[in-house]
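**Q** Here you go, this is target09.pdb (PDB, C-alpha atoms).
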```pdb
ATOM      1  CA  MET R   1      21.259  83.160 -27.866
ATOM      2  CA  ASN R   2      17.972  84.937 -27.176
ATOM      3  CA  ASN R   3      15.166  82.407 -26.577
ATOM      4  CA  HIS R   4      12.629  85.081 -27.502
ATOM      5  CA  TYR R   5      14.158  85.256 -30.976
ATOM      6  CA  LEU R   6      13.964  81.495 -31.281
ATOM      7  CA  LYS R   7      10.243  81.582 -30.461
ATOM      8  CA  LEU R   8       9.645  84.338 -33.025
ATOM      9  CA  ILE R   9      11.519  82.361 -35.693
ATOM     10  CA  GLU R  10       9.561  79.170 -35.035
ATOM     11  CA  GLU R  11       6.239  80.998 -35.191
ATOM     12  CA  SER R  12       7.123  82.937 -38.327
ATOM     13  CA  LEU R  13       8.609  80.060 -40.326
ATOM     14  CA  TYR R  14       5.363  78.144 -40.613
ATOM     15  CA  GLY R  15       3.370  81.289 -41.304
ATOM     16  CA  PHE R  16       5.170  81.637 -44.628
ATOM     17  CA  LEU R  17       4.147  78.142 -45.758
ATOM     18  CA  PRO R  18       1.065  77.740 -47.981
ATOM     19  CA  PRO R  19      -2.069  76.235 -46.383
ATOM     20  CA  LEU R  20      -2.486  72.464 -46.460
ATOM     21  CA  ASP R  21      -5.963  72.414 -48.001
ATOM     22  CA  CYS R  22      -4.743  72.094 -51.597
ATOM     23  CA  ARG R  23      -3.730  69.469 -54.153
ATOM     24  CA  GLU R  24      -0.063  70.035 -53.238
ATOM     25  CA  ARG R  25      -0.676  68.932 -49.634
ATOM     26  CA  LYS R  26       1.986  66.200 -49.700
ATOM     27  CA  LEU R  27       4.603  68.662 -50.901
ATOM     28  CA  ILE R  28       3.782  71.208 -48.203
ATOM     29  CA  GLU R  29       3.766  68.472 -45.556
ATOM     30  CA  ALA R  30       7.253  67.456 -46.709
ATOM     31  CA  MET R  31       8.452  71.077 -46.516
ATOM     32  CA  ARG R  32       6.998  71.408 -43.019
ATOM     33  CA  TYR R  33       8.451  68.059 -41.931
ATOM     34  CA  SER R  34      12.023  69.205 -42.490
ATOM     35  CA  LEU R  35      11.445  72.699 -41.139
ATOM     36  CA  GLU R  36       9.941  71.201 -37.979
ATOM     37  CA  ALA R  37      12.935  68.919 -37.495
ATOM     38  CA  GLY R  38      14.404  71.885 -35.688
ATOM     39  CA  GLY R  39      18.138  71.884 -35.213
ATOM     40  CA  LYS R  40      20.086  74.692 -33.610
ATOM     41  CA  ARG R  41      18.626  77.432 -35.890
ATOM     42  CA  VAL R  42      22.136  78.872 -36.057
ATOM     43  CA  ARG R  43      21.595  80.900 -39.215
ATOM     44  CA  PRO R  44      18.273  82.613 -38.411
ATOM     45  CA  LEU R  45      19.452  83.392 -34.877
ATOM     46  CA  LEU R  46      22.536  85.063 -36.330
ATOM     47  CA  VAL R  47      20.300  87.205 -38.531
ATOM     48  CA  MET R  48      18.347  88.307 -35.467
ATOM     49  CA  GLU R  49      21.391  88.946 -33.288
ATOM     50  CA  PHE R  50      23.249  91.029 -35.871
ATOM     51  CA  ASN R  51      20.091  92.981 -36.601
ATOM     52  CA  ALA R  52      19.785  93.752 -32.883
ATOM     53  CA  LEU R  53      23.478  94.625 -32.598
ATOM     54  CA  CYS R  54      23.021  97.143 -35.421
ATOM     55  CA  GLY R  55      19.948  98.701 -33.818
ATOM     56  CA  GLY R  56      17.269  97.040 -35.950
ATOM     57  CA  LYS R  57      13.803  95.960 -34.891
ATOM     58  CA  PRO R  58      13.133  92.191 -34.586
ATOM     59  CA  GLU R  59      10.100  92.238 -36.901
ATOM     60  CA  ALA R  60      12.228  93.722 -39.693
ATOM     61  CA  ALA R  61      14.754  90.879 -39.544
ATOM     62  CA  LEU R  62      12.318  87.965 -39.266
ATOM     63  CA  PRO R  63      11.658  87.535 -43.015
ATOM     64  CA  PHE R  64      15.409  87.489 -43.671
ATOM     65  CA  ALA R  65      15.910  84.994 -40.818
ATOM     66  CA  CYS R  66      13.201  82.684 -42.129
ATOM     67  CA  ALA R  67      14.477  82.898 -45.691
ATOM     68  CA  VAL R  68      17.986  81.805 -44.773
ATOM     69  CA  GLU R  69      16.611  78.902 -42.701
ATOM     70  CA  MET R  70      14.504  77.785 -45.672
ATOM     71  CA  VAL R  71      17.603  77.734 -47.878
ATOM     72  CA  HIS R  72      19.527  75.809 -45.230
ATOM     73  CA  THR R  73      16.694  73.284 -44.837
ATOM     74  CA  TYR R  74      16.422  72.764 -48.596
ATOM     75  CA  SER R  75      20.158  72.046 -48.702
ATOM     76  CA  LEU R  76      19.840  69.395 -45.982
ATOM     77  CA  ILE R  77      16.970  67.655 -47.798
ATOM     78  CA  HIS R  78      19.006  67.487 -50.998
ATOM     79  CA  ASP R  79      22.214  66.595 -49.154
ATOM     80  CA  ASP R  80      20.576  63.455 -47.732
ATOM     81  CA  LEU R  81      19.320  62.167 -51.104
ATOM     82  CA  PRO R  82      20.770  58.898 -52.447
ATOM     83  CA  CYS R  83      22.431  60.790 -55.311
ATOM     84  CA  MET R  84      24.285  62.955 -52.764
ATOM     85  CA  ASP R  85      25.336  61.691 -49.305
ATOM     86  CA  ASP R  86      22.622  59.006 -49.095
ATOM     87  CA  ASP R  87      21.866  59.499 -45.394
ATOM     88  CA  ASP R  88      18.760  57.971 -43.823
ATOM     89  CA  LEU R  89      18.804  60.036 -40.618
ATOM     90  CA  ARG R  90      18.659  63.777 -40.047
ATOM     91  CA  ARG R  91      18.345  65.449 -36.631
ATOM     92  CA  GLY R  92      17.331  62.153 -35.082
ATOM     93  CA  LYS R  93      14.472  61.555 -37.538
ATOM     94  CA  PRO R  94      14.229  59.722 -40.870
ATOM     95  CA  SER R  95      15.466  61.878 -43.732
ATOM     96  CA  ASN R  96      12.823  63.555 -45.861
ATOM     97  CA  HIS R  97      13.172  61.122 -48.755
ATOM     98  CA  LYS R  98      12.736  58.140 -46.415
ATOM     99  CA  VAL R  99       9.315  59.507 -45.392
ATOM    100  CA  TYR R 100       8.007  61.130 -48.580
ATOM    101  CA  GLY R 101      10.035  59.466 -51.324
ATOM    102  CA  GLU R 102      12.898  60.827 -53.367
ATOM    103  CA  ASP R 103      10.677  62.644 -55.845
ATOM    104  CA  THR R 104       8.719  64.623 -53.265
ATOM    105  CA  ALA R 105      11.848  65.290 -51.180
ATOM    106  CA  LEU R 106      13.581  66.753 -54.217
ATOM    107  CA  LEU R 107      10.587  68.981 -54.938
ATOM    108  CA  ALA R 108      10.238  69.983 -51.274
ATOM    109  CA  GLY R 109      13.811  71.266 -51.371
ATOM    110  CA  ASP R 110      13.123  73.132 -54.604
ATOM    111  CA  ALA R 111       9.974  74.657 -53.120
ATOM    112  CA  LEU R 112      11.746  75.835 -49.952
ATOM    113  CA  LEU R 113      14.503  77.443 -52.007
ATOM    114  CA  THR R 114      12.098  79.373 -54.198
ATOM    115  CA  LEU R 115       9.868  80.301 -51.261
ATOM    116  CA  ALA R 116      12.894  81.811 -49.519
ATOM    117  CA  PHE R 117      13.343  84.360 -52.304
ATOM    118  CA  ASP R 118       9.634  85.119 -52.369
ATOM    119  CA  VAL R 119       9.861  85.895 -48.651
ATOM    120  CA  LEU R 120      12.956  88.072 -49.152
ATOM    121  CA  SER R 121      11.466  90.155 -51.929
ATOM    122  CA  GLY R 122       7.781  90.330 -50.990
ATOM    123  CA  ASP R 123       5.853  93.543 -50.417
ATOM    124  CA  LYS R 124       5.529  92.905 -46.677
ATOM    125  CA  THR R 125       9.289  92.541 -46.308
ATOM    126  CA  ALA R 126       9.926  95.636 -48.421
ATOM    127  CA  ALA R 127       7.564  97.610 -46.200
ATOM    128  CA  LEU R 128       9.667  96.612 -43.172
ATOM    129  CA  VAL R 129      13.205  97.138 -44.490
ATOM    130  CA  GLY R 130      12.871  99.052 -47.763
ATOM    131  CA  ASP R 131      13.289  98.059 -51.403
ATOM    132  CA  ARG R 132      17.062  98.538 -51.448
ATOM    133  CA  ALA R 133      17.631  96.211 -48.501
ATOM    134  CA  CYS R 134      15.370  93.607 -50.146
ATOM    135  CA  ARG R 135      17.269  93.747 -53.424
ATOM    136  CA  ARG R 136      20.609  93.464 -51.696
ATOM    137  CA  ALA R 137      19.375  90.604 -49.508
ATOM    138  CA  VAL R 138      18.281  88.665 -52.604
ATOM    139  CA  SER R 139      21.666  89.276 -54.230
ATOM    140  CA  THR R 140      23.577  88.336 -51.073
ATOM    141  CA  LEU R 141      21.719  85.098 -50.421
ATOM    142  CA  SER R 142      21.801  84.135 -54.115
ATOM    143  CA  ARG R 143      25.561  84.576 -54.263
ATOM    144  CA  TYR R 144      26.351  82.705 -51.069
ATOM    145  CA  ALA R 145      23.899  79.867 -51.763
ATOM    146  CA  GLY R 146      24.641  79.401 -55.468
ATOM    147  CA  CYS R 147      27.257  77.996 -57.799
ATOM    148  CA  VAL R 148      30.196  79.899 -56.287
ATOM    149  CA  GLY R 149      28.899  79.341 -52.758
ATOM    150  CA  MET R 150      27.049  76.494 -51.052
ATOM    151  CA  VAL R 151      26.066  74.601 -54.211
ATOM    152  CA  GLY R 152      29.595  74.917 -55.562
ATOM    153  CA  GLY R 153      30.891  73.538 -52.269
ATOM    154  CA  GLN R 154      28.635  70.516 -52.611
ATOM    155  CA  VAL R 155      30.056  69.866 -56.082
ATOM    156  CA  ILE R 156      33.590  69.986 -54.676
ATOM    157  CA  ASP R 157      32.455  67.670 -51.868
ATOM    158  CA  LEU R 158      31.099  65.076 -54.306
ATOM    159  CA  ALA R 159      34.199  65.297 -56.489
ATOM    160  CA  SER R 160      36.417  64.724 -53.437
ATOM    161  CA  GLU R 161      34.863  61.392 -52.376
ATOM    162  CA  HIS R 162      36.987  58.238 -52.488
ATOM    163  CA  ILE R 163      40.181  60.198 -53.092
ATOM    164  CA  THR R 164      42.638  62.093 -50.919
ATOM    165  CA  VAL R 165      42.663  65.793 -51.655
ATOM    166  CA  PRO R 166      45.051  68.440 -50.263
ATOM    167  CA  ILE R 167      44.092  70.627 -47.350
ATOM    168  CA  GLU R 168      43.620  73.604 -49.710
ATOM    169  CA  VAL R 169      40.719  71.797 -51.398
ATOM    170  CA  VAL R 170      39.140  71.002 -48.018
ATOM    171  CA  GLU R 171      39.462  74.664 -47.040
ATOM    172  CA  GLU R 172      37.694  75.778 -50.208
ATOM    173  CA  LEU R 173      35.017  73.125 -49.754
ATOM    174  CA  VAL R 174      34.262  74.189 -46.177
ATOM    175  CA  GLY R 175      34.373  77.863 -47.055
ATOM    176  CA  LYS R 176      31.745  77.379 -49.732
ATOM    177  CA  LYS R 177      29.548  74.527 -48.502
ATOM    178  CA  THR R 178      29.312  75.551 -44.831
ATOM    179  CA  ALA R 179      30.724  79.009 -44.132
ATOM    180  CA  CYS R 180      29.037  80.845 -47.015
ATOM    181  CA  LEU R 181      25.483  80.462 -45.742
ATOM    182  CA  ILE R 182      26.544  81.465 -42.230
ATOM    183  CA  GLN R 183      28.215  84.553 -43.696
ATOM    184  CA  ALA R 184      24.998  85.302 -45.555
ATOM    185  CA  ALA R 185      23.003  85.130 -42.315
ATOM    186  CA  CYS R 186      25.308  87.587 -40.568
ATOM    187  CA  GLU R 187      25.210  90.004 -43.497
ATOM    188  CA  LEU R 188      21.417  89.749 -43.806
ATOM    189  CA  GLY R 189      21.023  90.748 -40.165
ATOM    190  CA  CYS R 190      23.077  93.868 -40.802
ATOM    191  CA  LEU R 191      21.158  94.666 -43.992
ATOM    192  CA  ALA R 192      17.833  94.436 -42.166
ATOM    193  CA  ALA R 193      19.067  97.109 -39.775
ATOM    194  CA  GLY R 194      20.605  99.382 -42.424
ATOM    195  CA  ALA R 195      24.172  98.943 -41.147
ATOM    196  CA  ASP R 196      27.152 100.511 -42.914
ATOM    197  CA  GLU R 197      29.672  98.646 -45.077
ATOM    198  CA  ALA R 198      32.390  98.352 -42.432
ATOM    199  CA  VAL R 199      29.978  96.637 -40.052
ATOM    200  CA  ILE R 200      28.747  94.298 -42.798
ATOM    201  CA  ARG R 201      32.351  93.283 -43.601
ATOM    202  CA  ALA R 202      33.116  92.589 -39.943
ATOM    203  CA  ALA R 203      29.905  90.550 -39.583
ATOM    204  CA  SER R 204      30.832  88.594 -42.704
ATOM    205  CA  ASP R 205      34.295  87.841 -41.284
ATOM    206  CA  TYR R 206      32.691  86.654 -38.041
ATOM    207  CA  GLY R 207      30.348  84.388 -39.995
ATOM    208  CA  ARG R 208      33.140  82.939 -42.096
ATOM    209  CA  SER R 209      35.252  82.181 -39.035
ATOM    210  CA  ILE R 210      32.486  80.465 -37.076
ATOM    211  CA  GLY R 211      31.525  78.617 -40.266
ATOM    212  CA  TYR R 212      34.965  77.044 -40.386
ATOM    213  CA  ALA R 213      34.937  76.335 -36.647
ATOM    214  CA  PHE R 214      31.459  74.804 -36.928
ATOM    215  CA  GLN R 215      32.435  72.444 -39.759
ATOM    216  CA  ILE R 216      35.730  71.358 -38.232
ATOM    217  CA  GLN R 217      33.912  70.580 -34.988
ATOM    218  CA  ASP R 218      31.401  68.628 -37.081
ATOM    219  CA  ASP R 219      34.279  66.616 -38.569
ATOM    220  CA  ILE R 220      35.567  65.892 -35.062
ATOM    221  CA  LEU R 221      32.141  64.766 -33.839
ATOM    222  CA  ASP R 222      31.753  62.526 -36.899
ATOM    223  CA  CYS R 223      34.731  60.581 -35.538
ATOM    224  CA  THR R 224      34.046  60.776 -31.807
ATOM    225  CA  SER R 225      30.267  60.900 -31.238
ATOM    226  CA  THR R 226      27.390  58.440 -31.687
ATOM    227  CA  ASP R 227      24.297  58.362 -33.906
ATOM    228  CA  GLU R 228      22.071  58.857 -30.856
ATOM    229  CA  VAL R 229      23.904  61.933 -29.556
ATOM    230  CA  LEU R 230      24.510  63.569 -32.939
ATOM    231  CA  GLY R 231      21.085  62.825 -34.426
ATOM    232  CA  LYS R 232      22.579  61.661 -37.717
ATOM    233  CA  PRO R 233      24.880  58.830 -38.793
ATOM    234  CA  VAL R 234      28.453  59.160 -37.560
ATOM    235  CA  GLY R 235      31.368  57.821 -39.533
ATOM    236  CA  SER R 236      29.868  59.032 -42.817
ATOM    237  CA  ASP R 237      33.056  60.894 -43.767
ATOM    238  CA  GLU R 238      35.074  57.708 -43.445
ATOM    239  CA  ALA R 239      32.394  55.669 -45.230
ATOM    240  CA  HIS R 240      32.529  58.055 -48.207
ATOM    241  CA  GLN R 241      36.331  58.228 -47.910
ATOM    242  CA  LYS R 242      36.210  62.007 -47.624
ATOM    243  CA  SER R 243      39.236  64.097 -46.839
ATOM    244  CA  THR R 244      38.516  66.290 -43.814
ATOM    245  CA  TYR R 245      40.508  68.414 -41.414
ATOM    246  CA  VAL R 246      40.550  65.432 -39.057
ATOM    247  CA  SER R 247      41.676  62.872 -41.623
ATOM    248  CA  LEU R 248      44.414  65.169 -42.947
ATOM    249  CA  LEU R 249      45.595  66.868 -39.746
ATOM    250  CA  GLY R 250      44.450  64.644 -36.885
ATOM    251  CA  ILE R 251      41.984  65.411 -34.105
ATOM    252  CA  GLU R 252      44.303  67.517 -31.930
ATOM    253  CA  LYS R 253      45.318  69.883 -34.739
ATOM    254  CA  ALA R 254      41.688  70.069 -35.822
ATOM    255  CA  ARG R 255      40.675  71.067 -32.285
ATOM    256  CA  ALA R 256      43.369  73.748 -32.280
ATOM    257  CA  LEU R 257      41.926  75.145 -35.520
ATOM    258  CA  VAL R 258      38.446  75.308 -33.966
ATOM    259  CA  HIS R 259      39.966  77.416 -31.189
ATOM    260  CA  ASP R 260      41.817  79.648 -33.663
ATOM    261  CA  TYR R 261      38.774  80.286 -35.849
ATOM    262  CA  THR R 262      36.652  81.045 -32.785
ATOM    263  CA  ALA R 263      39.226  83.601 -31.665
ATOM    264  CA  GLN R 264      39.159  85.178 -35.145
ATOM    265  CA  ALA R 265      35.359  85.423 -34.950
ATOM    266  CA  ILE R 266      35.505  87.253 -31.621
ATOM    267  CA  ALA R 267      38.197  89.590 -33.000
ATOM    268  CA  ALA R 268      35.853  90.461 -35.879
ATOM    269  CA  LEU R 269      33.156  91.406 -33.366
ATOM    270  CA  ASN R 270      35.557  93.800 -31.685
ATOM    271  CA  ARG R 271      35.639  95.799 -34.937
ATOM    272  CA  ILE R 272      31.894  96.397 -34.617
ATOM    273  CA  GLY R 273      31.673  97.410 -30.974
ATOM    274  CA  GLY R 274      28.500  97.569 -28.955
ATOM    275  CA  ASN R 275      27.168  94.728 -26.853
ATOM    276  CA  THR R 276      28.636  91.698 -28.642
ATOM    277  CA  LYS R 277      28.543  89.430 -25.590
ATOM    278  CA  ALA R 278      25.778  87.154 -26.929
ATOM    279  CA  LEU R 279      27.571  86.651 -30.254
ATOM    280  CA  SER R 280      30.892  85.996 -28.486
ATOM    281  CA  PHE R 281      29.289  83.356 -26.266
ATOM    282  CA  PHE R 282      27.550  81.896 -29.316
ATOM    283  CA  ALA R 283      30.874  81.412 -31.083
ATOM    284  CA  MET R 284      32.375  79.764 -28.018
ATOM    285  CA  ASP R 285      29.344  77.503 -27.521
ATOM    286  CA  LEU R 286      29.513  76.315 -31.139
ATOM    287  CA  ALA R 287      33.153  75.422 -30.659
ATOM    288  CA  LYS R 288      32.302  73.282 -27.605
ATOM    289  CA  ARG R 289      29.128  71.657 -28.945
ATOM    290  CA  VAL R 290      28.678  67.891 -28.677
ATOM    291  CA  LYS R 291      25.865  67.551 -31.243
TER     292      LYS R 291
END
```
What would you get if you wrote out this structure as structure tokens?

**A**
Amino acid sequence: MNNHYLKLIEESLYGFLPPLDCRERKLIEAMRYSLEAGGKRVRPLLVMEFNALCGGKPEAALPFACAVEMVHTYSLIHDDLPCMDDDDLRRGKPSNHKVYGEDTALLAGDALLTLAFDVLSGDKTAALVGDRACRRAVSTLSRYAGCVGMVGGQVIDLASEHITVPIEVVEELVGKKTACLIQAACELGCLAAGADEAVIRAASDYGRSIGYAFQIQDDILDCTSTDEVLGKPVGSDEAHQKSTYVSLLGIEKARALVHDYTAQAIAALNRIGGNTKALSFFAMDLAKRVK
């Protein structure tokens, strides 16, 4: 992916945060702590790349890119809480609640979520992409992040612990908890550029396919990697007795599915046309990632 985009995202993310010289300093520090933990920035980079593919200007897509990363970061903070997955490590650093306490971590996630929608709908964003694109971006991200999307997937995830569930439940879980927000990122990039509906559908299909490939590869790494390489505890799926593609199908069939979903993602790009080389390589790199 474009390193220039990554630099723009990093610079812009922190510019949307409130200043630290206030009574809420601890909260803002906690928000910044998790944003600064980095990661691959998959979702905001996808916003930027699809915006470019559709002929948009980078500055128009940046608010959308930052908003989706804020939602993703909030979800990770909450996901690590003791009432959820109870993980002490995230991206090689102590989880937010281990540094700031459960109460502040919970509020930091809430604050990032609400800030994301402020960024999406603000006057500065509207001046860049237009009111209609802003409204649709809010609707798109709300739908994919909410009760029938990412949050709903987390509920299915919690309900599936300590029991064996059929592969159909795992497919729904992954589609909602992981793939939905990646779909949202791809669609937001198109919306920022004013793309037509056929392009948005193809981008969404690409996002869904790499979302599945990403999560299945994650399941594989949870069984085959180490804490040091992955930057978070491995073996957590087994510890929580979660049904995954690996536990239900085995590693080799899971690897074959990663390949199949990656191929589907590239096929979706072919429906868009243009210079899709970066997005094709991105899909292939995600499928081969080791952390």

**Q** For Val47 in chain R, work out the shell of residues within 7 Å, counting all atoms listed in the file and skipping chain neighbours fewer than 4 positions away, then give it as a PDB file with C-alpha atoms, in the coordinates of the input.

**A**
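Now in result.pdb:
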```pdb
ATOM      1  CA  ARG R  43      21.595  80.900 -39.215  1.00  0.00           C
ATOM      2  CA  ASN R  51      20.091  92.981 -36.601  1.00  0.00           C
ATOM      3  CA  ALA R  61      14.754  90.879 -39.544  1.00  0.00           C
ATOM      4  CA  ALA R  65      15.910  84.994 -40.818  1.00  0.00           C
ATOM      5  CA  ALA R 185      23.003  85.130 -42.315  1.00  0.00           C
ATOM      6  CA  CYS R 186      25.308  87.587 -40.568  1.00  0.00           C
ATOM      7  CA  LEU R 188      21.417  89.749 -43.806  1.00  0.00           C
ATOM      8  CA  GLY R 189      21.023  90.748 -40.165  1.00  0.00           C
TER       9      GLY R 189
END
```

**Q** Return the single residue from R:Pro94, R:Gly56, R:Pro19, R:Gly207 that is closest to Tyr33 in chain R, with distances computed using only C-alpha atoms.

**A**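 Among the listed residues, the smallest separation from Tyr33 in chain R belongs to R:Pro94.
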
**Q** Between R:Leu248, R:Cys66, R:Leu46, R:Ala268, which residue has the minimum interatomic distance to Val165 in chain R, considering all atoms listed in the file?

**A**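 Of R:Leu248, R:Cys66, R:Leu46, R:Ala268, the one nearest Val165 in chain R, counting all atoms listed in the file, is R:Leu248.
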
**Q** CA of Ala67 in chain R and CA of Leu286 in chain R are how many Å apart?

**A**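 Computed distance, CA of Ala67 in chain R to CA of Leu286 in chain R, equals 21.9 Å.
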
**Q** Please enumerate the residues selected by the PyMOL selection byres ((chain R and resi 85) around 12) when evaluated against the supplied file, formatted as a PyMOL selection string.

**A** chain R and resi 75-84+86-90+95+154-155+157-159+161+232-233+236-237+239-242

**Q** Check the smallest atom-to-atom distance from each of R:Gly39, R:Gly175, R:Gly274, R:Pro18 to Gly149 in chain R using all atoms listed in the file, then report the winner.

**A** R:Gly175

**Q** Taking the file above as input, evaluate the PyMOL selection byres ((chain R and resi 124) around 12) and report the hits as a VMD selection string.

**A** chain R and resid 16 59 to 64 118 to 123 125 to 131 134

**Q** Could you write out that same residue set with C-alpha atoms as a PDB file, in the frame of the given file?

**A**
```
ATOM      1  CA  PHE R  16       5.170  81.637 -44.628  1.00  0.00           C
ATOM      2  CA  GLU R  59      10.100  92.238 -36.901  1.00  0.00           C
ATOM      3  CA  ALA R  60      12.228  93.722 -39.693  1.00  0.00           C
ATOM      4  CA  ALA R  61      14.754  90.879 -39.544  1.00  0.00           C
ATOM      5  CA  LEU R  62      12.318  87.965 -39.266  1.00  0.00           C
ATOM      6  CA  PRO R  63      11.658  87.535 -43.015  1.00  0.00           C
ATOM      7  CA  PHE R  64      15.409  87.489 -43.671  1.00  0.00           C
ATOM      8  CA  ASP R 118       9.634  85.119 -52.369  1.00  0.00           C
ATOM      9  CA  VAL R 119       9.861  85.895 -48.651  1.00  0.00           C
ATOM     10  CA  LEU R 120      12.956  88.072 -49.152  1.00  0.00           C
ATOM     11  CA  SER R 121      11.466  90.155 -51.929  1.00  0.00           C
ATOM     12  CA  GLY R 122       7.781  90.330 -50.990  1.00  0.00           C
ATOM     13  CA  ASP R 123       5.853  93.543 -50.417  1.00  0.00           C
ATOM     14  CA  THR R 125       9.289  92.541 -46.308  1.00  0.00           C
ATOM     15  CA  ALA R 126       9.926  95.636 -48.421  1.00  0.00           C
ATOM     16  CA  ALA R 127       7.564  97.610 -46.200  1.00  0.00           C
ATOM     17  CA  LEU R 128       9.667  96.612 -43.172  1.00  0.00           C
ATOM     18  CA  VAL R 129      13.205  97.138 -44.490  1.00  0.00           C
ATOM     19  CA  GLY R 130      12.871  99.052 -47.763  1.00  0.00           C
ATOM     20  CA  ASP R 131      13.289  98.059 -51.403  1.00  0.00           C
ATOM     21  CA  CYS R 134      15.370  93.607 -50.146  1.00  0.00           C
TER      22      CYS R 134
END
```

**Q** Could you check which of R:Gly55, R:Ser243, R:Ala108, R:Ile220 is closest to Glu168 in chain R, using all atoms listed in the file?

**A**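 The closest residue to Glu168 in chain R is R:Ser243.
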
**Q** Mind giving me the straight-line distance from CA of Arg91 in chain R to CA of Asp218 in chain R in Å, one decimal?

**A**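 Atom-to-atom, CA of Arg91 in chain R to CA of Asp218 in chain R, that is 13.4 Å.
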
**Q** What do you get, as a count of residues only, if you spell out every residue that the PyMOL selection byres ((chain R and resi 150) around 8) selects here?

**A** 15

**Q** Write out as a ChimeraX atom specification the residues lying within 12 Å of Lys7 in chain R, counting all atoms listed in the file and excluding same-chain residues fewer than 2 positions away.

**A** /R:1-5,9-14,38,41,44-45,48,58,62

**Q** Within 9 Å of (39.6, 66.7, -31.4), all atoms listed in the file: residues as a list in words?

**A**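 Residues satisfying the cut-off, written out: Gln217, Asp219, Ile220, Leu221, Cys223, Thr224, Val246, Gly250, Ile251, Glu252, Lys253, Ala254, Arg255 and Ala256 of chain R.
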
**Q** Choose the residue, out of R:Gln183, R:Ser142, R:Gln215, R:Thr114, that has the smallest atom-to-atom separation from Ile200 in chain R; count all atoms listed in the file.

**A**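 So, comparing all the options, the nearest one is R:Gln183.
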
**Q** Between CA of His162 in chain R and CA of Ser247 in chain R, what is the spacing in Å?

**A**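 Separation of CA of Ser247 in chain R and CA of His162 in chain R: 12.7 Å.
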
**Q** Could you work out an axis-aligned box for range 143-153 of chain R, taking every atom the file lists and adding 4 Å on each side, and report centre and edge lengths in Å to one decimal, as lines of an AutoDock Vina configuration file?

**A**
```
center_x = 27.4
center_y = 79.1
center_z = -54.4
size_x = 15.0
size_y = 19.0
size_z = 14.7
```

**Q** Mind checking which residues fall within 10 Å of Ile272 in chain R, counting all atoms listed in the file, ignoring those fewer than 4 positions away in the same chain, and posting them as a PyMOL selection string?

**A** chain R and resi 53-54+198-203+267-268+276

**Q** Write the residues you've just listed into a file as a compact mmCIF listing (two decimals), in the coordinates of the input, and include C-alpha atoms for each of them.

**A**
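Dumped to selection.txt:
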```txt
# COMPACT_ATOMS: atom_id res chain seq x y z
CA LEU R 53 23.48 94.62 -32.60
CA CYS R 54 23.02 97.14 -35.42
CA ALA R 198 32.39 98.35 -42.43
CA VAL R 199 29.98 96.64 -40.05
CA ILE R 200 28.75 94.30 -42.80
CA ARG R 201 32.35 93.28 -43.60
CA ALA R 202 33.12 92.59 -39.94
CA ALA R 203 29.90 90.55 -39.58
CA ALA R 267 38.20 89.59 -33.00
CA ALA R 268 35.85 90.46 -35.88
CA THR R 276 28.64 91.70 -28.64
```

**Q** Please output range 35-46 of chain R, rebuilt to include N, CA and C atoms, as an mmCIF file, in the coordinates of the input.

**A**
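File out_25.cif, as written:
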```cif
data_model
loop_
_atom_site.group_PDB
_atom_site.id
_atom_site.type_symbol
_atom_site.label_atom_id
_atom_site.label_comp_id
_atom_site.auth_asym_id
_atom_site.auth_seq_id
_atom_site.Cartn_x
_atom_site.Cartn_y
_atom_site.Cartn_z
ATOM 1 N N LEU R 35 11.353 71.474 -41.927
ATOM 2 C CA LEU R 35 11.445 72.699 -41.139
ATOM 3 C C LEU R 35 11.219 72.421 -39.655
ATOM 4 N N GLU R 36 10.282 71.514 -39.364
ATOM 5 C CA GLU R 36 9.941 71.201 -37.979
ATOM 6 C C GLU R 36 10.984 70.323 -37.300
ATOM 7 N N ALA R 37 11.902 69.772 -38.098
ATOM 8 C CA ALA R 37 12.935 68.919 -37.495
ATOM 9 C C ALA R 37 13.832 69.709 -36.558
ATOM 10 N N GLY R 38 13.732 71.036 -36.679
ATOM 11 C CA GLY R 38 14.404 71.885 -35.688
ATOM 12 C C GLY R 38 15.870 72.088 -35.981
ATOM 13 N N GLY R 39 16.728 71.555 -35.123
ATOM 14 C CA GLY R 39 18.138 71.884 -35.213
ATOM 15 C C GLY R 39 18.443 73.094 -34.348
ATOM 16 N N LYS R 40 19.633 73.611 -34.484
ATOM 17 C CA LYS R 40 20.086 74.692 -33.610
ATOM 18 C C LYS R 40 19.610 76.067 -34.084
ATOM 19 N N ARG R 41 19.079 76.153 -35.305
ATOM 20 C CA ARG R 41 18.626 77.432 -35.890
ATOM 21 C C ARG R 41 19.758 78.459 -35.844
ATOM 22 N N VAL R 42 20.963 78.002 -36.112
ATOM 23 C CA VAL R 42 22.136 78.872 -36.057
ATOM 24 C C VAL R 42 21.978 80.079 -36.975
ATOM 25 N N ARG R 43 21.612 79.833 -38.212
ATOM 26 C CA ARG R 43 21.595 80.900 -39.215
ATOM 27 C C ARG R 43 20.516 81.958 -38.942
ATOM 28 N N PRO R 44 19.264 81.570 -38.692
ATOM 29 C CA PRO R 44 18.273 82.613 -38.411
ATOM 30 C C PRO R 44 18.551 83.374 -37.113
ATOM 31 N N LEU R 45 19.107 82.694 -36.120
ATOM 32 C CA LEU R 45 19.452 83.392 -34.877
ATOM 33 C C LEU R 45 20.550 84.425 -35.122
ATOM 34 N N LEU R 46 21.482 84.100 -36.002
ATOM 35 C CA LEU R 46 22.536 85.063 -36.330
ATOM 36 C C LEU R 46 21.952 86.288 -37.030
#
```
